[in-house]
Amino acid sequence: MTPVSNAPRQLLRRLHGIMAGAGKAEQRLTEVVRLVASNMIAEVCSVYFMRGGEILELFATEGLNATAVHKTRLRIGEGLVGHIAMTGLPLSLSNAQKHPKYVYRAETGEEIYHSLMGVPIMRSGKVVGVLVVQNKTQRQYMQEEKESLQTVAMVLAELVASGDLFDPLEQQEATLERAATSRFEGVIFAEGLAEGVAVFHEPTIEVVKHLTDNMPLEKKRLGTALEDLQNQIEEMMSAEDVRHQGEHKEILDVYMLFAKDKGWQSKIEDIIDTGLTAEAAVEQVQLNNRMRMEKMTDPYLRERLSDLDDLANRLNRHLMGRIGSAASDNLPDKVILVANNMGPADLLDYDREKLCGVILQNGAPTAHVSIVARALGIPMVGQMGDAVKTVAQGERVIVNGVEGIVYFSPPPEILQSYQENIKSRDVLLAEYEALRDQPSVTLDGVEVELLLNAGLSMDMEALQRSGASGVGLFRTEFQFMVSDSLPRVGPQSDFYRDILNAADGKPVVFRTLDIGGDKPVSFLKREDEANPALGWRAIRIAFDRPALLRYQVRALLNAAAGRELSIMFPMISDVSEFKMARNILQKEIDRQKKRKSPLPKKILVGTMLEVPALIWQLDNLLPLLDFISIGSNDLMQFFFACDRENPKLAGRYDPICPPALLMLKSIVDKCEEYNVPITLCGEIGGKPVTALALLAIGFRRLSIAPASVGPVKMMIRSLDLAGVEAYMGGLLSRPDHSLRDLLTAFAKDHGIKV
Ligand code: PEP
Ligand code: MG
């Protein structure tokens, strides 16, 4: 063996001795730098630790002037040491003085050293110091040497954690101070304001024991943990709802590939052989991987880096017996949950009393977890990207799910203003609650029906709580999205029956399956589509797979036996499609009759209006149906050619603008002409100002999210509708991009509570 390959083992053995020995922490630190210098044949080894206020302070050195200890201080980003701390990456230079970041500190006497290798000392994913070796000659450091230095850095992190060197809280404060002005933007997944402390859904495991004498035992522990990890991934792969939270099967396949990779295992075992515990070895391999991958420009490979990171963390959770999520931990009173992504079941695991808000690195507003968060009234901001990685466990966080903004360690004045906001929001919520049993009538006596959008059985609780008069849109696809296989007629029927029972006589409009597009189901192969929103989705799938719709309709007929049933079809593009859908329903009705199965006492059939083409067919369509419901989410995305899922386009077009309002008004007018009830069931109806505009052009029925009922009802009850109608009449011919400001000002001037 070459001396180099022997070196790590020797180094670790002796490091073990120093760390386990008596003596003060500073003294041990001095012994460590001496050991590293001699073992790595370097003239200098120095260690810098981060003090409060983002200062790296020289704590020990072998080779530099001893008088510089505790004197030499560098800011983050200053000099090569500061640069390593800032990037969190190792640096190896044969001629350090040529590096643009090089700064010379006379008190150290380092001008005679040319080559330098430094690595960050990390703890809980944050840089807490820098370990450096230097040589006089312009030498190239080898990969093995870099790895050894990293191992030493890992062990030194233990010293910081022990608190013997200085109070580790000092560093935490430094981190918090650094984040003090952190304000990040994300995408609103669930509205609301919340404030609390960051709790990682799957906390990063901190390795506390690095060195071992018992290598066979560590290898055995590793083997068991790997097996457990593989089982866990297998379980995740077969879990019912995995596919629906973005943790797609391909990712799990990649996980499994890594987890079973013998190369990964043997790399970890090789490091255990040098005297590290299994968890420290996992961390070491991970550090090396990260280093290699950081250099990669290929985004796919970089993405795999985070997969590997997650996997190494999971493996360490198994090794350290901490397998569950933070839900089972002792939680603080006000939790802001931080996760890459999570499933709805994960969210439901948390104590509702404590869970105040959620921030996600990824996720989608339409993902099931977001829907659950909305149903529970938990503010959620997602798609925050790498910003999420900068928050520390326990750090104070504000989630502004009204504007899609998140603050980490907010300055006191911002925190205070949010706390006041949250308080007044609570007061407002109490006011909404008080309106629950009050009629939804304008000051000039016009009744406006407020209905709920729902999709989960838990939403039905909100029906009673909100005082809405019924469910204007029941999205049936969620039951399908959480199922591994096509739900059979029996369970479908049971589910719809439960919904009708929960509605307790209030009307419920069931929308047939709106799957495909961004709403995948596991039993239908997902095709890659360039434009999924315009693709094979909703009723289009039902026509190609008629059994899907037939079984669903059968289940609905069974569930509503003896009661009233309202059904509508999504994404109908022309009259013939409505007729086709209705024929399928009729066939099922005939089948029930033939079998003498009980039928609903009344069946109302309608369509969603989401595809603009349908607007020019209303004369032919309206006589055929019992009601119509505008799906403004889709209608607006098609009307403005503006992807509703694309965060870059969010807010670009305003439905309160003359063209959109004129279009909507033309539909309302036609429905009035044909005496067909019309509801608007997209999200826009839930915003008081937008709802005001909708009332002004003739809408009298809005189906909205449970949380919107209170604010919209409050607006309605403060409104003289005739006045707004007259005002709106003069606005519709204007060329404005948006009428929102004008309408808001009008509302304010006229005491309308928007
Ligand atoms: C809509 O498009 O407005 C609608 C209500 O349907 P979904 O949001 O489920 O597509
Ligand atoms: Mg839609």
# chains A, B, ... in the order shown; residues from 1 in each chain; ligands from 1
>>> residues_around(residues="segment 440-454 of chain A", least_positions_apart="5", cutoff="8 Å", atoms="only C-alpha atoms", output="list of chain:residue names")
A:Asp459, A:Met460, A:Leu463, A:Ala468, A:Ser469, A:Gly470, A:Val471, A:Gly472, A:Leu473, A:Phe474, A:Arg475, A:Cys681, A:Arg700, A:Arg701, A:Leu702, A:Ser703, A:Ile704, A:Ala705, A:Pro706, A:Val709, A:Lys713, A:Ile716, A:Arg717, A:Ser718, A:Leu719, A:Asp720, A:Leu721, A:Ala722
>>> write_last_selection(atoms="C-alpha atoms", output="PDB file, in the first residue's frame")
ATOM      1  CA  ASP A 459     -64.776  19.460   2.921  1.00  0.00           C
ATOM      2  CA  MET A 460     -68.307  18.515   3.850  1.00  0.00           C
ATOM      3  CA  LEU A 463     -70.418  23.013   4.356  1.00  0.00           C
ATOM      4  CA  ALA A 468     -72.982  27.814   2.346  1.00  0.00           C
ATOM      5  CA  SER A 469     -76.250  26.684   0.831  1.00  0.00           C
ATOM      6  CA  GLY A 470     -74.865  23.629  -0.919  1.00  0.00           C
ATOM      7  CA  VAL A 471     -71.973  22.252  -2.949  1.00  0.00           C
ATOM      8  CA  GLY A 472     -71.804  23.895  -6.364  1.00  0.00           C
ATOM      9  CA  LEU A 473     -68.866  21.793  -7.504  1.00  0.00           C
ATOM     10  CA  PHE A 474     -67.894  18.444  -6.115  1.00  0.00           C
ATOM     11  CA  ARG A 475     -64.665  17.395  -7.808  1.00  0.00           C
ATOM     12  CA  CYS A 681     -67.410  27.723  -9.799  1.00  0.00           C
ATOM     13  CA  ARG A 700     -76.307  35.374  -8.702  1.00  0.00           C
ATOM     14  CA  ARG A 701     -74.735  32.034  -7.818  1.00  0.00           C
ATOM     15  CA  LEU A 702     -71.091  31.539  -6.949  1.00  0.00           C
ATOM     16  CA  SER A 703     -69.420  28.322  -5.906  1.00  0.00           C
ATOM     17  CA  ILE A 704     -66.265  29.065  -3.943  1.00  0.00           C
ATOM     18  CA  ALA A 705     -63.748  27.624  -1.501  1.00  0.00           C
ATOM     19  CA  PRO A 706     -64.970  27.288   2.100  1.00  0.00           C
ATOM     20  CA  VAL A 709     -67.672  32.216   1.951  1.00  0.00           C
ATOM     21  CA  LYS A 713     -70.860  37.141   2.142  1.00  0.00           C
ATOM     22  CA  ILE A 716     -72.601  41.033  -0.439  1.00  0.00           C
ATOM     23  CA  ARG A 717     -74.278  42.204   2.741  1.00  0.00           C
ATOM     24  CA  SER A 718     -72.615  45.607   2.482  1.00  0.00           C
ATOM     25  CA  LEU A 719     -73.504  46.168  -1.138  1.00  0.00           C
ATOM     26  CA  ASP A 720     -76.055  48.225  -3.004  1.00  0.00           C
ATOM     27  CA  LEU A 721     -76.036  46.129  -6.156  1.00  0.00           C
ATOM     28  CA  ALA A 722     -77.960  48.563  -8.358  1.00  0.00           C
TER      29      ALA A 722
END
>>> residues_near_ligand(ligand="ligand 2", cutoff="7 Å", atoms="only C-alpha atoms and all ligand atoms", output="list in words")
Pro570, Met571, Glu610, Gly631, Asn633 and Asp634 of chain A
>>> write_last_selection(atoms="N, CA and C atoms", output="mmCIF file, in the first residue's frame")
data_model
loop_
_atom_site.group_PDB
_atom_site.id
_atom_site.type_symbol
_atom_site.label_atom_id
_atom_site.label_comp_id
_atom_site.auth_asym_id
_atom_site.auth_seq_id
_atom_site.Cartn_x
_atom_site.Cartn_y
_atom_site.Cartn_z
ATOM 1 N N PRO A 570 -67.240 17.831 -17.261
ATOM 2 C CA PRO A 570 -66.163 18.819 -17.429
ATOM 3 C C PRO A 570 -65.632 18.871 -18.862
ATOM 4 N N MET A 571 -65.148 20.035 -19.248
ATOM 5 C CA MET A 571 -64.424 20.220 -20.521
ATOM 6 C C MET A 571 -65.249 19.863 -21.758
ATOM 7 N N GLU A 610 -66.040 25.550 -19.802
ATOM 8 C CA GLU A 610 -64.607 25.835 -19.610
ATOM 9 C C GLU A 610 -63.917 26.103 -20.944
ATOM 10 N N GLY A 631 -66.482 27.099 -15.313
ATOM 11 C CA GLY A 631 -65.213 26.767 -14.650
ATOM 12 C C GLY A 631 -64.225 27.846 -15.041
ATOM 13 N N ASN A 633 -61.449 28.757 -13.912
ATOM 14 C CA ASN A 633 -60.005 28.457 -13.906
ATOM 15 C C ASN A 633 -59.559 28.072 -15.310
ATOM 16 N N ASP A 634 -60.306 27.142 -15.883
ATOM 17 C CA ASP A 634 -59.947 26.711 -17.232
ATOM 18 C C ASP A 634 -60.384 27.719 -18.281
#
>>> select_by_dssp(residues="segment 347-498 of chain A", states="strand (DSSP E)", output="PyMOL selection string")
chain A and resi 355-360+380-382+396-400+405-408+449-454+471-475
>>> write_last_selection(atoms="N, CA, C and O atoms", output="compact mmCIF listing (two decimals), in the first residue's frame")
# COMPACT_ATOMS: atom_id res chain seq x y z
N LEU A 355 -49.89 22.90 14.04
CA LEU A 355 -49.45 23.17 12.67
C LEU A 355 -50.07 24.47 12.15
O LEU A 355 -51.27 24.58 11.98
N CYS A 356 -49.21 25.48 11.94
CA CYS A 356 -49.72 26.80 11.53
C CYS A 356 -49.54 27.06 10.04
O CYS A 356 -50.31 27.79 9.44
N GLY A 357 -48.47 26.52 9.46
CA GLY A 357 -48.22 26.81 8.06
C GLY A 357 -47.23 25.82 7.47
O GLY A 357 -46.58 25.07 8.21
N VAL A 358 -47.13 25.83 6.14
CA VAL A 358 -46.23 24.90 5.47
C VAL A 358 -45.50 25.64 4.35
O VAL A 358 -46.10 26.45 3.64
N ILE A 359 -44.19 25.35 4.22
CA ILE A 359 -43.48 25.83 3.03
C ILE A 359 -42.85 24.64 2.34
O ILE A 359 -42.31 23.74 2.98
N LEU A 360 -42.95 24.63 1.02
CA LEU A 360 -42.43 23.50 0.26
C LEU A 360 -41.41 23.98 -0.77
O LEU A 360 -41.60 25.02 -1.41
N MET A 380 -50.12 27.73 2.93
CA MET A 380 -49.02 26.96 2.35
C MET A 380 -48.44 27.72 1.16
O MET A 380 -49.17 28.16 0.28
N VAL A 381 -47.13 27.90 1.18
CA VAL A 381 -46.45 28.51 0.04
C VAL A 381 -45.47 27.48 -0.51
O VAL A 381 -44.72 26.86 0.25
N GLY A 382 -45.51 27.25 -1.81
CA GLY A 382 -44.67 26.22 -2.40
C GLY A 382 -43.78 26.76 -3.50
O GLY A 382 -43.69 27.97 -3.72
N ARG A 396 -37.38 31.35 13.16
CA ARG A 396 -38.72 31.93 13.06
C ARG A 396 -39.09 32.17 11.60
O ARG A 396 -38.24 32.61 10.81
N VAL A 397 -40.31 31.84 11.26
CA VAL A 397 -40.74 31.94 9.86
C VAL A 397 -42.12 32.58 9.79
O VAL A 397 -42.98 32.31 10.62
N ILE A 398 -42.30 33.42 8.78
CA ILE A 398 -43.64 33.95 8.49
C ILE A 398 -44.06 33.38 7.15
O ILE A 398 -43.29 33.41 6.18
N VAL A 399 -45.26 32.86 7.09
CA VAL A 399 -45.79 32.38 5.80
C VAL A 399 -46.92 33.34 5.42
O VAL A 399 -47.93 33.41 6.11
N ASN A 400 -46.70 34.05 4.34
CA ASN A 400 -47.74 34.93 3.84
C ASN A 400 -48.36 34.25 2.62
O ASN A 400 -47.89 34.40 1.50
N ILE A 405 -45.39 34.98 -0.07
CA ILE A 405 -44.09 35.45 0.45
C ILE A 405 -43.77 34.72 1.75
O ILE A 405 -44.67 34.44 2.55
N VAL A 406 -42.49 34.43 1.93
CA VAL A 406 -42.06 33.79 3.17
C VAL A 406 -40.88 34.56 3.73
O VAL A 406 -39.99 34.99 2.98
N TYR A 407 -40.88 34.78 5.03
CA TYR A 407 -39.74 35.43 5.70
C TYR A 407 -39.08 34.43 6.62
O TYR A 407 -39.77 33.73 7.36
N PHE A 408 -37.76 34.38 6.58
CA PHE A 408 -37.01 33.63 7.58
C PHE A 408 -36.38 34.66 8.52
O PHE A 408 -35.79 35.64 8.06
N GLU A 449 -76.66 33.37 -4.12
CA GLU A 449 -76.45 32.05 -3.52
C GLU A 449 -74.96 31.74 -3.45
O GLU A 449 -74.25 31.84 -4.46
N LEU A 450 -74.51 31.38 -2.28
CA LEU A 450 -73.10 31.00 -2.13
C LEU A 450 -73.01 29.50 -1.88
O LEU A 450 -73.59 28.96 -0.94
N LEU A 451 -72.27 28.86 -2.77
CA LEU A 451 -72.11 27.40 -2.68
C LEU A 451 -70.63 27.09 -2.47
O LEU A 451 -69.78 27.97 -2.61
N LEU A 452 -70.36 25.85 -2.18
CA LEU A 452 -68.96 25.47 -1.91
C LEU A 452 -68.36 24.65 -3.03
O LEU A 452 -69.05 23.85 -3.66
N ASN A 453 -67.06 24.83 -3.22
CA ASN A 453 -66.30 23.87 -4.04
C ASN A 453 -65.74 22.84 -3.07
O ASN A 453 -65.16 23.20 -2.04
N ALA A 454 -65.91 21.58 -3.39
CA ALA A 454 -65.45 20.53 -2.47
C ALA A 454 -64.89 19.36 -3.29
O ALA A 454 -65.03 19.33 -4.52
N VAL A 471 -73.26 22.42 -2.27
CA VAL A 471 -71.97 22.25 -2.95
C VAL A 471 -72.20 22.50 -4.44
O VAL A 471 -72.94 21.76 -5.09
N GLY A 472 -71.60 23.55 -4.96
CA GLY A 472 -71.80 23.90 -6.36
C GLY A 472 -70.88 23.13 -7.28
O GLY A 472 -71.09 23.05 -8.49
N LEU A 473 -69.81 22.60 -6.71
CA LEU A 473 -68.87 21.79 -7.50
C LEU A 473 -68.27 20.75 -6.58
O LEU A 473 -67.55 21.09 -5.64
N PHE A 474 -68.60 19.50 -6.84
CA PHE A 474 -67.89 18.44 -6.12
C PHE A 474 -66.96 17.78 -7.12
O PHE A 474 -67.39 17.13 -8.07
N ARG A 475 -65.66 17.97 -6.89
CA ARG A 475 -64.66 17.39 -7.81
C ARG A 475 -64.48 15.92 -7.45
O ARG A 475 -63.90 15.61 -6.41
>>> closest_residue(among="A:Glu227, A:Asp654, A:Glu110, A:Glu218", to="Ile271 of chain A", atoms="only C-alpha atoms")
A:Glu218
>>> atom_distance(atom1="atom CA of Ala547 of chain A", atom2="atom CA of Leu524 of chain A")
12.9 Å
>>> select_by_dssp(residues="segment 403-625 of chain A", states="helix (DSSP H, G or I)", output="ChimeraX atom specification")
/A:412-435,459-466,477-481,489-503,532-534,539-544,546-559,575-594,612-624
>>> residues_around(residues="Ser629 of chain A", least_positions_apart="6", cutoff="8 Å", atoms="only C-alpha atoms", output="number ranges by chain")
A: 606-609, 678-681
>>> residues_around(residues="segment 727-736 of chain A", least_positions_apart="5", cutoff="7 Å", atoms="only C-alpha atoms", output="list in words")
Cys657, Pro658, Leu662 and Ala696 of chain A
>>> atom_distance(atom1="atom CA of Leu625 of chain A", atom2="atom CA of Ile515 of chain A")
23.0 Å
>>> closest_residue(among="A:Glu234, A:Glu62, A:Glu54, A:Asp498", to="Leu74 of chain A", atoms="only C-alpha atoms")
A:Glu54
>>> closest_residue(among="A:Leu11, A:Ile630, A:Ala60, A:Met236", to="ligand 1", atoms="only C-alpha atoms and all ligand atoms")
A:Ile630
>>> closest_residue(among="A:Val103, A:Leu565, A:Leu694, A:Ala581", to="Leu599 of chain A", atoms="only C-alpha atoms")
A:Leu565
>>> atom_distance(atom1="atom CA of Met50 of chain A", atom2="atom CA of Gln97 of chain A")
23.2 Å
>>> closest_residue(among="A:Asn65, A:Gln416, A:Asn421, A:Ser738", to="Val402 of chain A", atoms="only C-alpha atoms")
A:Asn421
>>> residues_around(residues="Glu26 of chain A", least_positions_apart="5", cutoff="9 Å", atoms="only C-alpha atoms", output="list in words")
Glu31, Phe59, Ala60, Asp164 and Leu165 of chain A
>>> write_last_selection(atoms="C-alpha atoms", output="mmCIF file, in the first residue's frame")
data_model
loop_
_atom_site.group_PDB
_atom_site.id
_atom_site.type_symbol
_atom_site.label_atom_id
_atom_site.label_comp_id
_atom_site.auth_asym_id
_atom_site.auth_seq_id
_atom_site.Cartn_x
_atom_site.Cartn_y
_atom_site.Cartn_z
ATOM 1 C CA GLU A 31 -3.169 18.613 18.967
ATOM 2 C CA PHE A 59 -8.677 29.085 16.626
ATOM 3 C CA ALA A 60 -5.585 26.929 16.228
ATOM 4 C CA ASP A 164 -16.485 23.363 24.977
ATOM 5 C CA LEU A 165 -14.892 25.767 22.527
#
>>> closest_residue(among="A:Ser708, A:Thr390, A:Asn289, A:Asn39", to="Gly685 of chain A", atoms="only C-alpha atoms")
A:Ser708
>>> residues_around(residues="segment 136-148 of chain A", least_positions_apart="4", cutoff="7 Å", atoms="only C-alpha atoms", output="PyMOL selection string")
chain A and resi 8+92+94-95+112-115+152
>>> residues_around(residues="Thr744 of chain A", least_positions_apart="2", cutoff="10 Å", atoms="only C-alpha atoms", output="MDAnalysis selection string")
chainID A and resid 688:690 692:693 739:742 746:750 752:754
>>> decode(residues="segment 59-70 of chain A", atoms="all heavy atoms", output="PDB file, in the first residue's frame")
ATOM      1  N   PHE A  59      -8.615  29.675  15.286  1.00  0.00           N
ATOM      2  CA  PHE A  59      -8.677  29.085  16.626  1.00  0.00           C
ATOM      3  C   PHE A  59      -7.421  28.290  16.978  1.00  0.00           C
ATOM      4  O   PHE A  59      -7.086  28.149  18.149  1.00  0.00           O
ATOM      5  CB  PHE A  59      -9.905  28.172  16.751  1.00  0.00           C
ATOM      6  CG  PHE A  59     -11.064  28.827  17.423  1.00  0.00           C
ATOM      7  CD1 PHE A  59     -11.728  29.871  16.801  1.00  0.00           C
ATOM      8  CD2 PHE A  59     -11.502  28.420  18.678  1.00  0.00           C
ATOM      9  CE1 PHE A  59     -12.808  30.496  17.412  1.00  0.00           C
ATOM     10  CE2 PHE A  59     -12.568  29.035  19.306  1.00  0.00           C
ATOM     11  CZ  PHE A  59     -13.223  30.080  18.670  1.00  0.00           C
ATOM     12  N   ALA A  60      -6.804  27.704  15.952  1.00  0.00           N
ATOM     13  CA  ALA A  60      -5.585  26.929  16.228  1.00  0.00           C
ATOM     14  C   ALA A  60      -4.790  26.827  14.947  1.00  0.00           C
ATOM     15  O   ALA A  60      -5.355  26.817  13.853  1.00  0.00           O
ATOM     16  CB  ALA A  60      -5.957  25.530  16.725  1.00  0.00           C
ATOM     17  N   THR A  61      -3.483  26.776  15.080  1.00  0.00           N
ATOM     18  CA  THR A  61      -2.665  26.611  13.878  1.00  0.00           C
ATOM     19  C   THR A  61      -1.377  25.875  14.207  1.00  0.00           C
ATOM     20  O   THR A  61      -0.831  25.983  15.310  1.00  0.00           O
ATOM     21  CB  THR A  61      -2.340  27.975  13.222  1.00  0.00           C
ATOM     22  OG1 THR A  61      -1.617  27.741  12.016  1.00  0.00           O
ATOM     23  CG2 THR A  61      -1.508  28.866  14.129  1.00  0.00           C
ATOM     24  N   GLU A  62      -0.946  25.124  13.244  1.00  0.00           N
ATOM     25  CA  GLU A  62       0.392  24.557  13.266  1.00  0.00           C
ATOM     26  C   GLU A  62       1.058  25.165  12.049  1.00  0.00           C
ATOM     27  O   GLU A  62       0.551  25.026  10.932  1.00  0.00           O
ATOM     28  CB  GLU A  62       0.316  23.009  13.158  1.00  0.00           C
ATOM     29  CG  GLU A  62       1.633  22.311  12.903  1.00  0.00           C
ATOM     30  CD  GLU A  62       2.574  22.342  14.116  1.00  0.00           C
ATOM     31  OE1 GLU A  62       2.105  22.720  15.208  1.00  0.00           O
ATOM     32  OE2 GLU A  62       3.762  22.016  13.955  1.00  0.00           O
ATOM     33  N   GLY A  63       2.101  25.911  12.235  1.00  0.00           N
ATOM     34  CA  GLY A  63       2.812  26.450  11.081  1.00  0.00           C
ATOM     35  C   GLY A  63       2.691  27.956  10.931  1.00  0.00           C
ATOM     36  O   GLY A  63       3.672  28.620  10.628  1.00  0.00           O
ATOM     37  N   LEU A  64       1.495  28.521  11.143  1.00  0.00           N
ATOM     38  CA  LEU A  64       1.390  29.987  11.086  1.00  0.00           C
ATOM     39  C   LEU A  64       1.842  30.549  12.426  1.00  0.00           C
ATOM     40  O   LEU A  64       1.987  29.804  13.403  1.00  0.00           O
ATOM     41  CB  LEU A  64      -0.052  30.431  10.809  1.00  0.00           C
ATOM     42  CG  LEU A  64      -0.677  29.991   9.485  1.00  0.00           C
ATOM     43  CD1 LEU A  64      -2.061  30.606   9.318  1.00  0.00           C
ATOM     44  CD2 LEU A  64       0.208  30.365   8.299  1.00  0.00           C
ATOM     45  N   ASN A  65       2.045  31.865  12.482  1.00  0.00           N
ATOM     46  CA  ASN A  65       2.478  32.476  13.742  1.00  0.00           C
ATOM     47  C   ASN A  65       1.445  32.227  14.837  1.00  0.00           C
ATOM     48  O   ASN A  65       0.262  32.542  14.656  1.00  0.00           O
ATOM     49  CB  ASN A  65       2.651  33.995  13.572  1.00  0.00           C
ATOM     50  CG  ASN A  65       3.824  34.286  12.655  1.00  0.00           C
ATOM     51  OD1 ASN A  65       4.714  33.425  12.480  1.00  0.00           O
ATOM     52  ND2 ASN A  65       3.823  35.454  12.039  1.00  0.00           N
ATOM     53  N   ALA A  66       1.887  31.666  15.966  1.00  0.00           N
ATOM     54  CA  ALA A  66       0.960  31.322  17.050  1.00  0.00           C
ATOM     55  C   ALA A  66       0.253  32.563  17.591  1.00  0.00           C
ATOM     56  O   ALA A  66      -0.879  32.489  18.066  1.00  0.00           O
ATOM     57  CB  ALA A  66       1.712  30.618  18.174  1.00  0.00           C
ATOM     58  N   THR A  67       0.906  33.723  17.432  1.00  0.00           N
ATOM     59  CA  THR A  67       0.297  34.960  17.969  1.00  0.00           C
ATOM     60  C   THR A  67      -0.942  35.379  17.168  1.00  0.00           C
ATOM     61  O   THR A  67      -1.712  36.227  17.608  1.00  0.00           O
ATOM     62  CB  THR A  67       1.323  36.113  17.937  1.00  0.00           C
ATOM     63  OG1 THR A  67       1.915  36.128  16.636  1.00  0.00           O
ATOM     64  CG2 THR A  67       2.385  35.939  18.998  1.00  0.00           C
ATOM     65  N   ALA A  68      -1.096  34.770  16.011  1.00  0.00           N
ATOM     66  CA  ALA A  68      -2.267  35.144  15.183  1.00  0.00           C
ATOM     67  C   ALA A  68      -3.549  34.471  15.670  1.00  0.00           C
ATOM     68  O   ALA A  68      -4.653  34.882  15.297  1.00  0.00           O
ATOM     69  CB  ALA A  68      -2.002  34.751  13.725  1.00  0.00           C
ATOM     70  N   VAL A  69      -3.399  33.450  16.526  1.00  0.00           N
ATOM     71  CA  VAL A  69      -4.581  32.734  17.012  1.00  0.00           C
ATOM     72  C   VAL A  69      -5.481  33.699  17.777  1.00  0.00           C
ATOM     73  O   VAL A  69      -5.009  34.477  18.610  1.00  0.00           O
ATOM     74  CB  VAL A  69      -4.158  31.531  17.901  1.00  0.00           C
ATOM     75  CG1 VAL A  69      -5.364  30.935  18.627  1.00  0.00           C
ATOM     76  CG2 VAL A  69      -3.479  30.473  17.037  1.00  0.00           C
ATOM     77  N   HIS A  70      -6.766  33.644  17.460  1.00  0.00           N
ATOM     78  CA  HIS A  70      -7.805  34.533  18.001  1.00  0.00           C
ATOM     79  C   HIS A  70      -7.622  35.992  17.577  1.00  0.00           C
ATOM     80  O   HIS A  70      -8.344  36.865  18.025  1.00  0.00           O
ATOM     81  CB  HIS A  70      -7.897  34.452  19.541  1.00  0.00           C
ATOM     82  CG  HIS A  70      -8.375  33.096  20.010  1.00  0.00           C
ATOM     83  ND1 HIS A  70      -9.537  32.517  19.562  1.00  0.00           N
ATOM     84  CD2 HIS A  70      -7.816  32.197  20.861  1.00  0.00           C
ATOM     85  CE1 HIS A  70      -9.689  31.330  20.124  1.00  0.00           C
ATOM     86  NE2 HIS A  70      -8.644  31.102  20.912  1.00  0.00           N
TER      87      HIS A  70
END
